[in-house]
Amino acid sequence: IIADFNPQWLIKYHDDLIPIFKENINKIEGLMAPIQSGSDRILRIMRRPYNIGQLKSCFKDFQEKIPKLEIGTHIMVGFPGETKEDFIESKKLLQQIKFTKVMLFKYSTRTGTLASQMDNKISKEIIQKR
């Protein structure tokens with residue numbers, strides 16, 4: 001498995017990666033690309049240099065051209081400022097892409113990060129419910 005392949009590079013090198021993955025499908029068990037959220041608003045707050053439209057297009061192309069390739073992602077729940085609507089966008093993304101594997105993570109504060117300094121933290125109860 002190619003783990004934690006940064007989505008921005010997946011998008012940028014998409015056209016170059018398709019033939020490489022296709023030619024080496026017997027050597028590559030899968031690809032894990034940690035998207036983090038299905039909400040463009042949350043991705044902007046996280047300072048991610050990509051949007052969901054770009055990723056959906058990329059993943060759908062991979063799935064169409066290399067159906068044997070297992071594709072997984074990470075989704076974080078409860079990032080500071082995440083609304084119910086943002087969470088629903090993540091759920092929609094998972095329904096649309098049909099990843100082989102999805103790892104869900106609860107947001108937790110890490111000292112020294114920008115997110116740790118944000119005021120609008122989501123309660124543990126809401127994170128657990130989501």
# chains A, B, ... in the order shown; residues from 1 in each chain; ligands from 1
call {"tool": "select_by_dssp", "arguments": {"residues": "chain A", "states": "strand (DSSP E)", "output": "short mmCIF file (atom, residue, chain, number, x, y, z; two decimals) with N, CA, C and O atoms, in the first residue's frame"}}
result
data_model
loop_
_atom_site.label_atom_id
_atom_site.label_comp_id
_atom_site.auth_asym_id
_atom_site.auth_seq_id
_atom_site.Cartn_x
_atom_site.Cartn_y
_atom_site.Cartn_z
N GLY A 30 -2.61 -0.91 -2.95
CA GLY A 30 -3.59 0.16 -2.83
C GLY A 30 -2.93 1.50 -2.59
O GLY A 30 -1.71 1.62 -2.49
N LEU A 31 -3.80 2.49 -2.49
CA LEU A 31 -3.37 3.87 -2.31
C LEU A 31 -4.21 4.48 -1.19
O LEU A 31 -5.43 4.36 -1.20
N MET A 32 -3.54 5.11 -0.23
CA MET A 32 -4.23 5.80 0.86
C MET A 32 -3.89 7.28 0.75
O MET A 32 -2.74 7.67 0.85
N GLU A 70 -7.12 -0.47 -5.02
CA GLU A 70 -7.89 -0.13 -3.82
C GLU A 70 -7.50 1.28 -3.39
O GLU A 70 -6.31 1.59 -3.31
N ILE A 71 -8.50 2.11 -3.14
CA ILE A 71 -8.24 3.49 -2.76
C ILE A 71 -8.90 3.77 -1.42
O ILE A 71 -10.09 3.50 -1.23
N GLY A 72 -8.10 4.31 -0.51
CA GLY A 72 -8.61 4.64 0.82
C GLY A 72 -8.31 6.08 1.19
O GLY A 72 -7.56 6.77 0.49
N THR A 73 -8.91 6.51 2.28
CA THR A 73 -8.68 7.87 2.75
C THR A 73 -8.83 7.95 4.26
O THR A 73 -9.28 7.00 4.91
N HIS A 74 -8.45 9.10 4.79
CA HIS A 74 -8.65 9.43 6.20
C HIS A 74 -9.62 10.60 6.24
O HIS A 74 -9.47 11.55 5.46
N ILE A 75 -10.55 10.55 7.15
CA ILE A 75 -11.47 11.66 7.38
C ILE A 75 -11.39 12.03 8.86
O ILE A 75 -11.48 11.16 9.72
N MET A 76 -11.22 13.31 9.13
CA MET A 76 -11.18 13.80 10.51
C MET A 76 -12.56 14.37 10.85
O MET A 76 -13.15 15.11 10.07
N VAL A 77 -13.04 14.01 12.01
CA VAL A 77 -14.34 14.50 12.48
C VAL A 77 -14.11 15.47 13.64
O VAL A 77 -13.34 15.18 14.55
N LYS A 101 -11.32 1.67 1.69
CA LYS A 101 -11.05 1.75 3.12
C LYS A 101 -11.15 3.21 3.55
O LYS A 101 -10.63 4.09 2.86
N VAL A 102 -11.80 3.44 4.68
CA VAL A 102 -11.90 4.78 5.24
C VAL A 102 -11.50 4.71 6.71
O VAL A 102 -12.03 3.91 7.46
N MET A 103 -10.54 5.53 7.07
CA MET A 103 -10.13 5.62 8.47
C MET A 103 -10.68 6.93 9.03
O MET A 103 -10.37 8.00 8.50
N LEU A 104 -11.50 6.84 10.05
CA LEU A 104 -12.07 8.02 10.68
C LEU A 104 -11.27 8.37 11.92
O LEU A 104 -10.90 7.49 12.70
N PHE A 105 -11.00 9.65 12.07
CA PHE A 105 -10.25 10.13 13.22
C PHE A 105 -11.03 11.23 13.91
O PHE A 105 -11.59 12.10 13.24
N LYS A 106 -11.03 11.20 15.22
CA LYS A 106 -11.60 12.30 15.99
C LYS A 106 -10.53 13.37 16.12
O LYS A 106 -9.37 13.06 16.41
#
call {"tool": "residues_around", "arguments": {"residues": "Lys84 of chain A", "least_positions_apart": "4", "cutoff": "9 Å", "atoms": "only C-alpha atoms", "output": "list in words"}}
result
Ile88, Glu89 and Arg130 of chain A
call {"tool": "write_last_selection", "arguments": {"atoms": "C-alpha atoms", "output": "short mmCIF file (atom, residue, chain, number, x, y, z; two decimals), in the first residue's frame"}}
result
data_model
loop_
_atom_site.label_atom_id
_atom_site.label_comp_id
_atom_site.auth_asym_id
_atom_site.auth_seq_id
_atom_site.Cartn_x
_atom_site.Cartn_y
_atom_site.Cartn_z
CA ILE A 88 -22.66 16.10 5.91
CA GLU A 89 -20.34 17.11 3.04
CA ARG A 130 -20.82 12.28 14.35
#
call {"tool": "select_by_dssp", "arguments": {"residues": "chain A", "states": "helix (DSSP H, G or I)", "output": "PyMOL selection string"}}
result
chain A and resi 7-12+14-23+40-45+52-65+84-97+115-117+124-129
call {"tool": "write_last_selection", "arguments": {"atoms": "C-alpha atoms", "output": "PDB file, in the first residue's frame"}}
result
ATOM      1  CA  PRO A   7      -3.822  14.593  -2.164  1.00  0.00           C
ATOM      2  CA  GLN A   8      -2.224  17.714  -3.644  1.00  0.00           C
ATOM      3  CA  TRP A   9       0.420  15.564  -5.358  1.00  0.00           C
ATOM      4  CA  LEU A  10      -2.189  13.061  -6.456  1.00  0.00           C
ATOM      5  CA  ILE A  11      -3.982  15.886  -8.250  1.00  0.00           C
ATOM      6  CA  LYS A  12      -0.833  17.540  -9.612  1.00  0.00           C
ATOM      7  CA  HIS A  14      -2.546  12.542 -11.813  1.00  0.00           C
ATOM      8  CA  ASP A  15      -1.811  12.136 -15.534  1.00  0.00           C
ATOM      9  CA  ASP A  16       1.676  10.759 -14.821  1.00  0.00           C
ATOM     10  CA  LEU A  17       0.516   8.414 -12.061  1.00  0.00           C
ATOM     11  CA  ILE A  18      -2.278   6.653 -13.953  1.00  0.00           C
ATOM     12  CA  PRO A  19       0.042   4.729 -16.335  1.00  0.00           C
ATOM     13  CA  ILE A  20       2.531   3.975 -13.543  1.00  0.00           C
ATOM     14  CA  PHE A  21      -0.160   2.510 -11.296  1.00  0.00           C
ATOM     15  CA  LYS A  22      -1.788   0.694 -14.209  1.00  0.00           C
ATOM     16  CA  GLU A  23       1.488  -0.940 -15.291  1.00  0.00           C
ATOM     17  CA  ASP A  40     -14.153  22.768   0.953  1.00  0.00           C
ATOM     18  CA  ARG A  41     -14.696  25.276   3.769  1.00  0.00           C
ATOM     19  CA  ILE A  42     -12.925  23.044   6.287  1.00  0.00           C
ATOM     20  CA  LEU A  43     -10.138  22.272   3.812  1.00  0.00           C
ATOM     21  CA  ARG A  44      -9.541  26.027   3.407  1.00  0.00           C
ATOM     22  CA  ILE A  45      -9.407  26.444   7.201  1.00  0.00           C
ATOM     23  CA  ILE A  52     -13.175  18.393  -3.216  1.00  0.00           C
ATOM     24  CA  GLY A  53     -14.101  18.779  -6.878  1.00  0.00           C
ATOM     25  CA  GLN A  54     -10.493  18.208  -7.920  1.00  0.00           C
ATOM     26  CA  LEU A  55     -10.205  15.166  -5.675  1.00  0.00           C
ATOM     27  CA  LYS A  56     -13.491  13.605  -6.775  1.00  0.00           C
ATOM     28  CA  SER A  57     -12.473  13.924 -10.403  1.00  0.00           C
ATOM     29  CA  CYS A  58      -9.077  12.415  -9.695  1.00  0.00           C
ATOM     30  CA  PHE A  59     -10.404   9.478  -7.629  1.00  0.00           C
ATOM     31  CA  LYS A  60     -13.168   8.692 -10.114  1.00  0.00           C
ATOM     32  CA  ASP A  61     -10.629   8.640 -12.933  1.00  0.00           C
ATOM     33  CA  PHE A  62      -8.372   6.284 -10.977  1.00  0.00           C
ATOM     34  CA  GLN A  63     -11.328   4.017 -10.211  1.00  0.00           C
ATOM     35  CA  GLU A  64     -12.446   3.999 -13.847  1.00  0.00           C
ATOM     36  CA  LYS A  65      -9.008   3.414 -15.376  1.00  0.00           C
ATOM     37  CA  LYS A  84     -23.226  19.892  10.783  1.00  0.00           C
ATOM     38  CA  GLU A  85     -23.270  20.891   7.102  1.00  0.00           C
ATOM     39  CA  ASP A  86     -19.494  20.398   6.830  1.00  0.00           C
ATOM     40  CA  PHE A  87     -19.859  16.947   8.367  1.00  0.00           C
ATOM     41  CA  ILE A  88     -22.662  16.102   5.911  1.00  0.00           C
ATOM     42  CA  GLU A  89     -20.342  17.109   3.041  1.00  0.00           C
ATOM     43  CA  SER A  90     -17.812  14.525   4.281  1.00  0.00           C
ATOM     44  CA  LYS A  91     -20.529  11.869   4.395  1.00  0.00           C
ATOM     45  CA  LYS A  92     -21.619  12.769   0.842  1.00  0.00           C
ATOM     46  CA  LEU A  93     -18.049  12.449  -0.396  1.00  0.00           C
ATOM     47  CA  LEU A  94     -17.797   8.951   1.077  1.00  0.00           C
ATOM     48  CA  GLN A  95     -21.067   7.958  -0.597  1.00  0.00           C
ATOM     49  CA  GLN A  96     -19.948   9.333  -3.957  1.00  0.00           C
ATOM     50  CA  ILE A  97     -16.438   7.900  -4.140  1.00  0.00           C
ATOM     51  CA  ALA A 115      -5.927  24.499  15.065  1.00  0.00           C
ATOM     52  CA  SER A 116      -4.974  24.259  18.735  1.00  0.00           C
ATOM     53  CA  GLN A 117      -5.296  28.050  18.939  1.00  0.00           C
ATOM     54  CA  LYS A 124     -16.372  15.684  22.520  1.00  0.00           C
ATOM     55  CA  GLU A 125     -20.039  14.698  22.660  1.00  0.00           C
ATOM     56  CA  ILE A 126     -20.752  16.083  19.176  1.00  0.00           C
ATOM     57  CA  ILE A 127     -17.580  14.542  17.776  1.00  0.00           C
ATOM     58  CA  GLN A 128     -18.563  11.165  19.222  1.00  0.00           C
ATOM     59  CA  LYS A 129     -22.104  11.475  17.837  1.00  0.00           C
TER      60      LYS A 129
END
call {"tool": "atom_distance", "arguments": {"atom1": "atom CA of Ile1 of chain A", "atom2": "atom CA of Phe99 of chain A"}}
result
14.1 Å
call {"tool": "atom_distance", "arguments": {"atom1": "atom CA of Arg48 of chain A", "atom2": "atom CA of Asp4 of chain A"}}
result
14.5 Å
call {"tool": "atom_distance", "arguments": {"atom1": "atom CA of Gly78 of chain A", "atom2": "atom CA of Thr100 of chain A"}}
result
22.7 Å
call {"tool": "closest_residue", "arguments": {"among": "A:Lys98, A:Pro80, A:Thr109, A:Ala3", "to": "Lys121 of chain A", "atoms": "only C-alpha atoms"}}
result
A:Pro80
call {"tool": "decode", "arguments": {"residues": "segment 24-46 of chain A", "atoms": "N, CA and C atoms", "output": "PDB file, in the first residue's frame"}}
result
ATOM      1  N   ASN A  24       1.819  -1.247 -12.901  1.00  0.00           N
ATOM      2  CA  ASN A  24       2.355  -1.921 -11.715  1.00  0.00           C
ATOM      3  C   ASN A  24       1.269  -2.375 -10.745  1.00  0.00           C
ATOM      4  N   ILE A  25       0.060  -2.583 -11.240  1.00  0.00           N
ATOM      5  CA  ILE A  25      -1.056  -2.923 -10.366  1.00  0.00           C
ATOM      6  C   ILE A  25      -0.805  -4.211  -9.564  1.00  0.00           C
ATOM      7  N   ASN A  26      -0.013  -5.120 -10.098  1.00  0.00           N
ATOM      8  CA  ASN A  26       0.283  -6.353  -9.359  1.00  0.00           C
ATOM      9  C   ASN A  26       1.271  -6.128  -8.221  1.00  0.00           C
ATOM     10  N   LYS A  27       1.929  -4.975  -8.214  1.00  0.00           N
ATOM     11  CA  LYS A  27       2.892  -4.649  -7.162  1.00  0.00           C
ATOM     12  C   LYS A  27       2.326  -3.652  -6.151  1.00  0.00           C
ATOM     13  N   ILE A  28       1.257  -2.974  -6.534  1.00  0.00           N
ATOM     14  CA  ILE A  28       0.677  -1.945  -5.678  1.00  0.00           C
ATOM     15  C   ILE A  28      -0.660  -2.439  -5.158  1.00  0.00           C
ATOM     16  N   GLU A  29      -0.714  -2.688  -3.879  1.00  0.00           N
ATOM     17  CA  GLU A  29      -1.954  -3.203  -3.289  1.00  0.00           C
ATOM     18  C   GLU A  29      -3.036  -2.126  -3.222  1.00  0.00           C
ATOM     19  N   GLY A  30      -2.608  -0.908  -2.948  1.00  0.00           N
ATOM     20  CA  GLY A  30      -3.589   0.159  -2.833  1.00  0.00           C
ATOM     21  C   GLY A  30      -2.933   1.497  -2.589  1.00  0.00           C
ATOM     22  N   LEU A  31      -3.795   2.488  -2.490  1.00  0.00           N
ATOM     23  CA  LEU A  31      -3.373   3.868  -2.306  1.00  0.00           C
ATOM     24  C   LEU A  31      -4.206   4.479  -1.188  1.00  0.00           C
ATOM     25  N   MET A  32      -3.541   5.106  -0.230  1.00  0.00           N
ATOM     26  CA  MET A  32      -4.228   5.796   0.863  1.00  0.00           C
ATOM     27  C   MET A  32      -3.891   7.280   0.754  1.00  0.00           C
ATOM     28  N   ALA A  33      -4.918   8.087   0.516  1.00  0.00           N
ATOM     29  CA  ALA A  33      -4.744   9.539   0.377  1.00  0.00           C
ATOM     30  C   ALA A  33      -5.602  10.226   1.441  1.00  0.00           C
ATOM     31  N   PRO A  34      -4.984  10.818   2.445  1.00  0.00           N
ATOM     32  CA  PRO A  34      -5.732  11.412   3.567  1.00  0.00           C
ATOM     33  C   PRO A  34      -6.382  12.754   3.219  1.00  0.00           C
ATOM     34  N   ILE A  35      -7.635  12.711   2.822  1.00  0.00           N
ATOM     35  CA  ILE A  35      -8.348  13.927   2.422  1.00  0.00           C
ATOM     36  C   ILE A  35      -8.626  14.833   3.622  1.00  0.00           C
ATOM     37  N   GLN A  36      -9.009  14.266   4.734  1.00  0.00           N
ATOM     38  CA  GLN A  36      -9.312  14.958   5.995  1.00  0.00           C
ATOM     39  C   GLN A  36     -10.750  15.436   6.112  1.00  0.00           C
ATOM     40  N   SER A  37     -11.339  15.986   5.050  1.00  0.00           N
ATOM     41  CA  SER A  37     -12.714  16.487   5.121  1.00  0.00           C
ATOM     42  C   SER A  37     -13.317  16.536   3.726  1.00  0.00           C
ATOM     43  N   GLY A  38     -14.619  16.358   3.667  1.00  0.00           N
ATOM     44  CA  GLY A  38     -15.326  16.491   2.401  1.00  0.00           C
ATOM     45  C   GLY A  38     -15.848  17.897   2.179  1.00  0.00           C
ATOM     46  N   SER A  39     -15.524  18.801   3.087  1.00  0.00           N
ATOM     47  CA  SER A  39     -15.997  20.180   3.020  1.00  0.00           C
ATOM     48  C   SER A  39     -14.883  21.102   2.534  1.00  0.00           C
ATOM     49  N   ASP A  40     -15.145  21.801   1.446  1.00  0.00           N
ATOM     50  CA  ASP A  40     -14.153  22.768   0.953  1.00  0.00           C
ATOM     51  C   ASP A  40     -13.872  23.850   1.992  1.00  0.00           C
ATOM     52  N   ARG A  41     -14.889  24.238   2.747  1.00  0.00           N
ATOM     53  CA  ARG A  41     -14.696  25.276   3.769  1.00  0.00           C
ATOM     54  C   ARG A  41     -13.702  24.803   4.826  1.00  0.00           C
ATOM     55  N   ILE A  42     -13.856  23.579   5.282  1.00  0.00           N
ATOM     56  CA  ILE A  42     -12.925  23.044   6.287  1.00  0.00           C
ATOM     57  C   ILE A  42     -11.532  22.869   5.680  1.00  0.00           C
ATOM     58  N   LEU A  43     -11.455  22.413   4.454  1.00  0.00           N
ATOM     59  CA  LEU A  43     -10.138  22.272   3.812  1.00  0.00           C
ATOM     60  C   LEU A  43      -9.423  23.612   3.728  1.00  0.00           C
ATOM     61  N   ARG A  44     -10.170  24.682   3.439  1.00  0.00           N
ATOM     62  CA  ARG A  44      -9.541  26.027   3.407  1.00  0.00           C
ATOM     63  C   ARG A  44      -9.034  26.412   4.792  1.00  0.00           C
ATOM     64  N   ILE A  45      -9.835  26.134   5.833  1.00  0.00           N
ATOM     65  CA  ILE A  45      -9.407  26.444   7.201  1.00  0.00           C
ATOM     66  C   ILE A  45      -8.157  25.637   7.551  1.00  0.00           C
ATOM     67  N   MET A  46      -8.089  24.409   7.065  1.00  0.00           N
ATOM     68  CA  MET A  46      -6.926  23.544   7.299  1.00  0.00           C
ATOM     69  C   MET A  46      -5.732  23.943   6.433  1.00  0.00           C
TER      70      MET A  46
END
